[in-house]
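Written below as structure tokens is the structure these notes are about.
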Amino acid sequence: MKKGILLVNLGSPDSPNPKDVKRYLGEFLMDERVIDVPLWARTLLVKGIILNTRPKASAKAYKKIWWDEGSPLIVLSERLQEKVQNQLDVPVALAMRYGSMTIKKGLQELVDKGCTDIKTIPLYPQFAMATTETIDVKVDELVSKYFPQVKITRTPAFYNRQDYIDVLSASIAEKLEDLDYEHILFSYHGVPERHIRKSDVTNGNCKMDGKCCFKKGSLQHEFCYRHQCEITTINVAKKLGLKNGTYSTTFQSRLGFDPWLKPYTDRTIERMGKEGIKKMAIVTPAFVSDCLETLEEIAMEGEEIFHEVGGEEFTVIPCLNERDDFAQVLSNITMEWIATETVIA
Ligand SMILES: C=CC1=C(C)c2cc3[nH]c(cc4nc(cc5[nH]c(cc1n2)c(C)c5CCC(=O)O)C(CCC(=O)O)=C4C)c(C)c3C=C
Ligand SMILES: [Fe+2]
Ligand SMILES: [Fe+2]
């Protein structure tokens with residue numbers, strides 16, 4: 001069976017115009033693993049409220065970060081795919097969970113090249129129902145409907161791989177080398193607290209009390225986004241020798257009125273600025289590629305909040321994007337898969 005790799009990221013609108021943003025947000029937010037309420041309630045909320053208000057504001061934000069070549073998230077994912085392809089002999093395709101670069105097209109591209117043994121790699125270091133799980137489920141649906149001859153191998157979240165932690169740490173160290181910063185914030189995309197409970201395979205271990213995520217050996221950690229974010233921070237802090245109190249974990253990008261994972265990034269930036277921190281660095285490890293949430297929400301809005309409360313230097317560390325060493329992590333994941341399958345066969 002010929003092998004192939006399908007990298008999958010979130011996706012972006014086709015353009016930063018309100019019509020395209022509305023179409024994209026409609027597909028994204030109608031996903032039952034993103035807005036996880038019954039269909040009637042989701043339809044009311046998304047089509048009745050959000051899509052009548054948000055696209056205009058979101059389009060304005062997208063316009064601020066859009067590149068001549070297109071959406072930064074898409075362009076950076078394409079550059080990454082090219083790098084990974086150059087490191088490997090097996091075909092590597094790229095798809096997006098939402099928008100025009102569909103997973104169906106990505107699978108078709110690999111099938112057209114003769115691949116029937118495909119490994120999917122969601123471009124998310126940490127597992128979440130709204131990211132990794134929705135990709136895995138969509139791939140299964142498409143394969144059973146259109147590509148029954150294809151065997152799929154999933155890739156678990158790679159937050160705890162040493163090569164990933166080394167690369168993330170190197171990307172931070174390079175940026176901070178000559179910089180005199182007082183605090184480094186590790187800001188992850190948030191999810192509603194409810195999502196963490198829903199993904200709790202141990203049925204009740206997850207108490208959202210700040211302790212369960214650190215319990216050794218819990219089966220729940222495999223599907224606990226909060227645990228995986230906290231551990232990413234801890235492992236990087238260890239690798240870089242960061243002192244306690246000089247770094248922290250926060251969660252950004254809330255939507256709606258339910259409680260989301262805390263502490264919130266924007267409020268933390270504001271509080272720290274008010275408490276007298278003048279030089280802050282911020283890294284966003286839940287995002288592999290720079291996107292609206294890093295380039296606008298963090299680098300523009302976050303900086304504005306910090307300056308408003310007296311902060312002076314706000315350094316944003318880029319995502320791993322198309323770094324050679326990050327492409328190498330994805331190639332390592334691929335080569336380990338090929339080696340294991342060869343031994344089993
Ligand atoms: C990194 C992982 C992500 C998780 C987890 C996630 C959960 C999540 N997101 C929303 C709602 C929105 N997210 C939006 C943008 C966006 N989200 C991620 C990643 C994760 N989302 C990325 C990479 C991006 C940027 C996409 C780009 O084109 O650059 C948006 C759209 C922008 C906006 O209008 O603000 C929304 C809406 C929910 C509800 C959710 C979990 C339940
Ligand atoms: Fe999001
Ligand atoms: Fe947890």
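Here, A, B, ... name the chains of the structure tokens in the order displayed, residue numbers run from 1 inside each chain, and ligands are numbered from 1 in the same displayed order.
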Using only C-alpha atoms and all ligand atoms, what are the residues with an atom within 6 Å of ligand 1, set out as a PyMOL selection string?
chain A and resi 10-12+34-35+58+73+128+130-131+189-192+255+286-287+291-293
Let me see the file: selected residues, C-alpha atoms, as a CSV table (one decimal), in the first residue's frame.
```csv
chain,number,residue,atom,x,y,z
A,10,LEU,CA,-8.2,25.1,10.6
A,11,GLY,CA,-8.7,27.2,7.5
A,12,SER,CA,-9.5,30.8,6.7
A,34,VAL,CA,-17.2,23.8,18.1
A,35,ILE,CA,-20.6,25.1,19.2
A,58,SER,CA,-14.3,39.9,11.8
A,73,LEU,CA,-2.6,30.9,8.1
A,128,ALA,CA,-9.2,19.7,21.6
A,130,ALA,CA,-13.0,21.7,18.5
A,131,THR,CA,-9.8,21.0,16.6
A,189,HIS,CA,-6.6,29.5,22.3
A,190,GLY,CA,-9.4,29.1,24.9
A,191,VAL,CA,-12.3,26.6,24.8
A,192,PRO,CA,-15.4,26.6,26.9
A,255,LEU,CA,-16.8,33.6,22.2
A,286,ALA,CA,-1.6,26.4,20.4
A,287,PHE,CA,-1.2,27.9,17.0
A,291,CYS,CA,-3.2,33.8,12.0
A,292,LEU,CA,-5.9,36.2,12.9
A,293,GLU,CA,-5.7,35.2,16.6
```
Identify, with DSSP run on backbone atoms, the residues in segment 175-342 of chain A assigned to strand (DSSP E), and express the list as a PyMOL selection string.
chain A and resi 183-189+247-252+279-283+313-316
How close does chain A get to ligand 3? List, as a Markdown table, each residue of chain A within 6 Å, its nearest atom pair and the distance in Å to one decimal, counting only C-alpha atoms and all ligand atoms.
```
| residue | atom | partner | partner_atom_place_in_ligand_line | distance |
| --- | --- | --- | --- | --- |
| A:Cys206 | CA | ligand 3 | 1 (Fe) | 5.3 |
| A:Cys212 | CA | ligand 3 | 1 (Fe) | 5.3 |
| A:Cys213 | CA | ligand 3 | 1 (Fe) | 3.5 |
| A:His221 | CA | ligand 3 | 1 (Fe) | 5.9 |
| A:Cys224 | CA | ligand 3 | 1 (Fe) | 4.9 |
| A:Arg226 | CA | ligand 3 | 1 (Fe) | 5.5 |
| A:His227 | CA | ligand 3 | 1 (Fe) | 4.6 |
```
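Counting from atom CA of Ile231 of chain A, the distance to atom CA of Gln162 of chain A is 12.0 Å.
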Neighbours of Tyr146 of chain A within 12 Å (only C-alpha atoms; same-chain residues fewer than 5 positions away dropped), as a VMD selection string?
chain A and resid 103 to 105 107 to 108 111 138 to 141
Would you save the residues from that selection as a short mmCIF file (atom, residue, chain, number, x, y, z; two decimals), in the first residue's frame, using N, CA and C atoms?
```
data_model
loop_
_atom_site.label_atom_id
_atom_site.label_comp_id
_atom_site.auth_asym_id
_atom_site.auth_seq_id
_atom_site.Cartn_x
_atom_site.Cartn_y
_atom_site.Cartn_z
N ILE A 103 -10.82 18.86 3.20
CA ILE A 103 -10.15 17.59 3.49
C ILE A 103 -10.43 16.60 2.35
N LYS A 104 -11.62 16.70 1.77
CA LYS A 104 -11.96 15.78 0.65
C LYS A 104 -10.97 15.99 -0.51
N LYS A 105 -10.68 17.27 -0.82
CA LYS A 105 -9.72 17.54 -1.91
C LYS A 105 -8.32 17.03 -1.55
N LEU A 107 -7.54 14.49 0.44
CA LEU A 107 -7.53 13.03 0.33
C LEU A 107 -7.49 12.63 -1.15
N GLN A 108 -8.29 13.33 -1.97
CA GLN A 108 -8.33 13.02 -3.41
C GLN A 108 -6.96 13.19 -4.05
N VAL A 111 -4.95 10.22 -3.13
CA VAL A 111 -5.46 9.03 -3.82
C VAL A 111 -5.04 9.08 -5.30
N LYS A 138 -14.27 14.00 10.74
CA LYS A 138 -14.55 14.39 9.35
C LYS A 138 -13.81 13.45 8.38
N VAL A 139 -12.56 13.15 8.71
CA VAL A 139 -11.78 12.25 7.84
C VAL A 139 -12.48 10.89 7.76
N ASP A 140 -12.90 10.36 8.89
CA ASP A 140 -13.57 9.05 8.90
C ASP A 140 -14.83 9.08 8.04
N GLU A 141 -15.61 10.14 8.19
CA GLU A 141 -16.86 10.28 7.41
C GLU A 141 -16.55 10.26 5.90
#
```
Using only C-alpha atoms, pick whichever of A:Glu297, A:Asp209, A:Glu270, A:Asp14 has the shortest atom-to-atom distance to Ile74 of chain A.
A:Asp14
Please identify all polymer residues within 12 Å of Glu32 of chain A, counting only C-alpha atoms, omitting same-chain residues fewer than 3 positions from it, and present them as a list in words.
Gly26, Glu27, Phe28, Leu29, Ile35, Asp36, Val37, Pro38, Leu39, Trp40, Ala41, Arg42, Thr43, Val46, Met129, Ala130, Thr131, Glu133, Thr134, Val137, Lys138 and His195 of chain A
Would you export the selected residues with N, CA and C atoms as an mmCIF file, in the first residue's frame, please?
```cif
data_model
loop_
_atom_site.group_PDB
_atom_site.id
_atom_site.type_symbol
_atom_site.label_atom_id
_atom_site.label_comp_id
_atom_site.auth_asym_id
_atom_site.auth_seq_id
_atom_site.Cartn_x
_atom_site.Cartn_y
_atom_site.Cartn_z
ATOM 1 N N GLY A 26 -19.872 30.518 9.124
ATOM 2 C CA GLY A 26 -21.067 29.668 9.142
ATOM 3 C C GLY A 26 -20.674 28.200 9.199
ATOM 4 N N GLU A 27 -19.728 27.802 8.356
ATOM 5 C CA GLU A 27 -19.294 26.392 8.346
ATOM 6 C C GLU A 27 -18.596 26.038 9.671
ATOM 7 N N PHE A 28 -17.711 26.909 10.103
ATOM 8 C CA PHE A 28 -16.915 26.686 11.323
ATOM 9 C C PHE A 28 -17.827 26.560 12.559
ATOM 10 N N LEU A 29 -18.686 27.542 12.736
ATOM 11 C CA LEU A 29 -19.449 27.598 13.991
ATOM 12 C C LEU A 29 -20.654 26.657 13.993
ATOM 13 N N ILE A 35 -19.468 24.584 18.378
ATOM 14 C CA ILE A 35 -20.585 25.066 19.212
ATOM 15 C C ILE A 35 -21.436 23.832 19.493
ATOM 16 N N ASP A 36 -21.208 23.266 20.657
ATOM 17 C CA ASP A 36 -21.687 21.916 20.969
ATOM 18 C C ASP A 36 -23.033 21.936 21.679
ATOM 19 N N VAL A 37 -24.019 22.555 21.032
ATOM 20 C CA VAL A 37 -25.374 22.545 21.601
ATOM 21 C C VAL A 37 -26.281 21.863 20.573
ATOM 22 N N PRO A 38 -27.513 21.478 20.950
ATOM 23 C CA PRO A 38 -28.392 20.812 19.977
ATOM 24 C C PRO A 38 -28.564 21.655 18.703
ATOM 25 N N LEU A 39 -28.815 20.957 17.583
ATOM 26 C CA LEU A 39 -28.845 21.616 16.267
ATOM 27 C C LEU A 39 -29.761 22.849 16.253
ATOM 28 N N TRP A 40 -30.964 22.723 16.877
ATOM 29 C CA TRP A 40 -31.896 23.854 16.811
ATOM 30 C C TRP A 40 -31.299 25.080 17.510
ATOM 31 N N ALA A 41 -30.624 24.836 18.636
ATOM 32 C CA ALA A 41 -30.050 25.942 19.413
ATOM 33 C C ALA A 41 -28.836 26.534 18.689
ATOM 34 N N ARG A 42 -28.041 25.620 18.062
ATOM 35 C CA ARG A 42 -26.865 26.087 17.323
ATOM 36 C C ARG A 42 -27.294 26.938 16.119
ATOM 37 N N THR A 43 -28.347 26.481 15.441
ATOM 38 C CA THR A 43 -28.842 27.216 14.272
ATOM 39 C C THR A 43 -29.323 28.607 14.693
ATOM 40 N N VAL A 46 -26.098 30.617 15.819
ATOM 41 C CA VAL A 46 -25.133 30.938 14.761
ATOM 42 C C VAL A 46 -25.812 31.719 13.634
ATOM 43 N N MET A 129 -11.525 19.002 21.357
ATOM 44 C CA MET A 129 -12.701 18.503 20.627
ATOM 45 C C MET A 129 -12.955 19.385 19.396
ATOM 46 N N ALA A 130 -12.702 20.708 19.552
ATOM 47 C CA ALA A 130 -12.991 21.665 18.476
ATOM 48 C C ALA A 130 -11.925 21.684 17.386
ATOM 49 N N THR A 131 -10.841 20.927 17.564
ATOM 50 C CA THR A 131 -9.772 20.955 16.554
ATOM 51 C C THR A 131 -9.423 19.530 16.086
ATOM 52 N N GLU A 133 -10.295 16.525 17.235
ATOM 53 C CA GLU A 133 -11.395 15.546 17.144
ATOM 54 C C GLU A 133 -12.278 15.805 15.930
ATOM 55 N N THR A 134 -12.560 17.064 15.649
ATOM 56 C CA THR A 134 -13.443 17.342 14.509
ATOM 57 C C THR A 134 -12.761 16.949 13.186
ATOM 58 N N VAL A 137 -12.947 12.990 12.986
ATOM 59 C CA VAL A 137 -14.300 12.515 12.673
ATOM 60 C C VAL A 137 -14.638 12.813 11.211
ATOM 61 N N LYS A 138 -14.267 13.998 10.744
ATOM 62 C CA LYS A 138 -14.548 14.386 9.349
ATOM 63 C C LYS A 138 -13.808 13.451 8.377
ATOM 64 N N HIS A 195 -16.271 21.966 27.276
ATOM 65 C CA HIS A 195 -15.588 21.082 26.322
ATOM 66 C C HIS A 195 -14.619 20.150 27.045
#
```
Distance query Lys113 of chain A at most 12 Å, only C-alpha atoms, self and fewer than 2 positions along chain excluded, as a PyMOL selection string:
chain A and resi 1-5+90-93+106-111+115-118
I need the chosen residues saved as a short mmCIF file (atom, residue, chain, number, x, y, z; two decimals), in the first residue's frame, with C-alpha atoms.
```cif
data_model
loop_
_atom_site.label_atom_id
_atom_site.label_comp_id
_atom_site.auth_asym_id
_atom_site.auth_seq_id
_atom_site.Cartn_x
_atom_site.Cartn_y
_atom_site.Cartn_z
CA MET A 1 0.00 0.00 0.00
CA LYS A 2 1.44 3.38 -1.00
CA LYS A 3 1.72 5.78 1.92
CA GLY A 4 0.86 9.48 2.05
CA ILE A 5 0.59 12.29 4.59
CA VAL A 90 6.12 10.01 0.43
CA PRO A 91 3.53 12.48 -0.97
CA VAL A 92 2.47 15.21 1.49
CA ALA A 93 -0.81 17.08 0.94
CA GLY A 106 -6.62 16.73 0.16
CA LEU A 107 -7.53 13.03 0.33
CA GLN A 108 -8.33 13.02 -3.41
CA GLU A 109 -4.92 14.55 -4.19
CA LEU A 110 -3.20 11.71 -2.33
CA VAL A 111 -5.46 9.03 -3.82
CA CYS A 115 -1.86 6.47 -1.88
CA THR A 116 -4.12 4.05 -0.03
CA ASP A 117 -2.38 4.19 3.37
CA ILE A 118 -2.70 7.74 4.68
#
```
Could you pull the residues within 10 Å of Glu296 of chain A, counting only C-alpha atoms, minus those fewer than 6 positions along the same chain, as a list of chain:residue names?
A:Ala61, A:Tyr62, A:Lys63, A:Lys64, A:Ile65, A:Asp290, A:Gly302, A:Glu303
Write the residues of the preceding selection, restricted to N, CA and C atoms, as a JSON list (two decimals), in the first residue's frame.
```json
[["chain", "number", "residue", "atom", "x", "y", "z"],
["A", 61, "ALA", "N", -11.13, 42.88, 11.00],
["A", 61, "ALA", "CA", -9.92, 42.36, 11.64],
["A", 61, "ALA", "C", -9.07, 41.59, 10.62],
["A", 62, "TYR", "N", -9.73, 40.75, 9.80],
["A", 62, "TYR", "CA", -8.99, 39.99, 8.78],
["A", 62, "TYR", "C", -8.27, 40.95, 7.83],
["A", 63, "LYS", "N", -8.92, 42.06, 7.46],
["A", 63, "LYS", "CA", -8.29, 43.01, 6.50],
["A", 63, "LYS", "C", -6.98, 43.54, 7.05],
["A", 64, "LYS", "N", -6.90, 43.68, 8.37],
["A", 64, "LYS", "CA", -5.68, 44.24, 8.97],
["A", 64, "LYS", "C", -4.48, 43.30, 8.84],
["A", 65, "ILE", "N", -4.76, 41.99, 8.75],
["A", 65, "ILE", "CA", -3.64, 41.04, 8.78],
["A", 65, "ILE", "C", -3.43, 40.32, 7.45],
["A", 290, "ASP", "N", 0.95, 31.48, 12.25],
["A", 290, "ASP", "CA", 0.40, 32.79, 12.61],
["A", 290, "ASP", "C", -0.90, 33.02, 11.86],
["A", 302, "GLY", "N", -3.63, 43.00, 21.98],
["A", 302, "GLY", "CA", -2.90, 42.72, 23.24],
["A", 302, "GLY", "C", -1.90, 43.82, 23.53],
["A", 303, "GLU", "N", -1.18, 44.22, 22.51],
["A", 303, "GLU", "CA", -0.19, 45.30, 22.71],
["A", 303, "GLU", "C", -0.87, 46.60, 23.13]]
```
Env of Phe186 of chain A: 8 Å cut, atoms = only C-alpha atoms, seq-sep filter 4 positions within chain, self excluded. Answer as a VMD selection string.
chain A and resid 233 247 to 250 282 to 285
Could you give me, as an MDAnalysis selection string, each residue of segment 124-240 of chain A that DSSP assigns to alpha helix (DSSP H) when run on this structure's backbone?
chainID A and resid 134:146 162:176 193:198 225:240
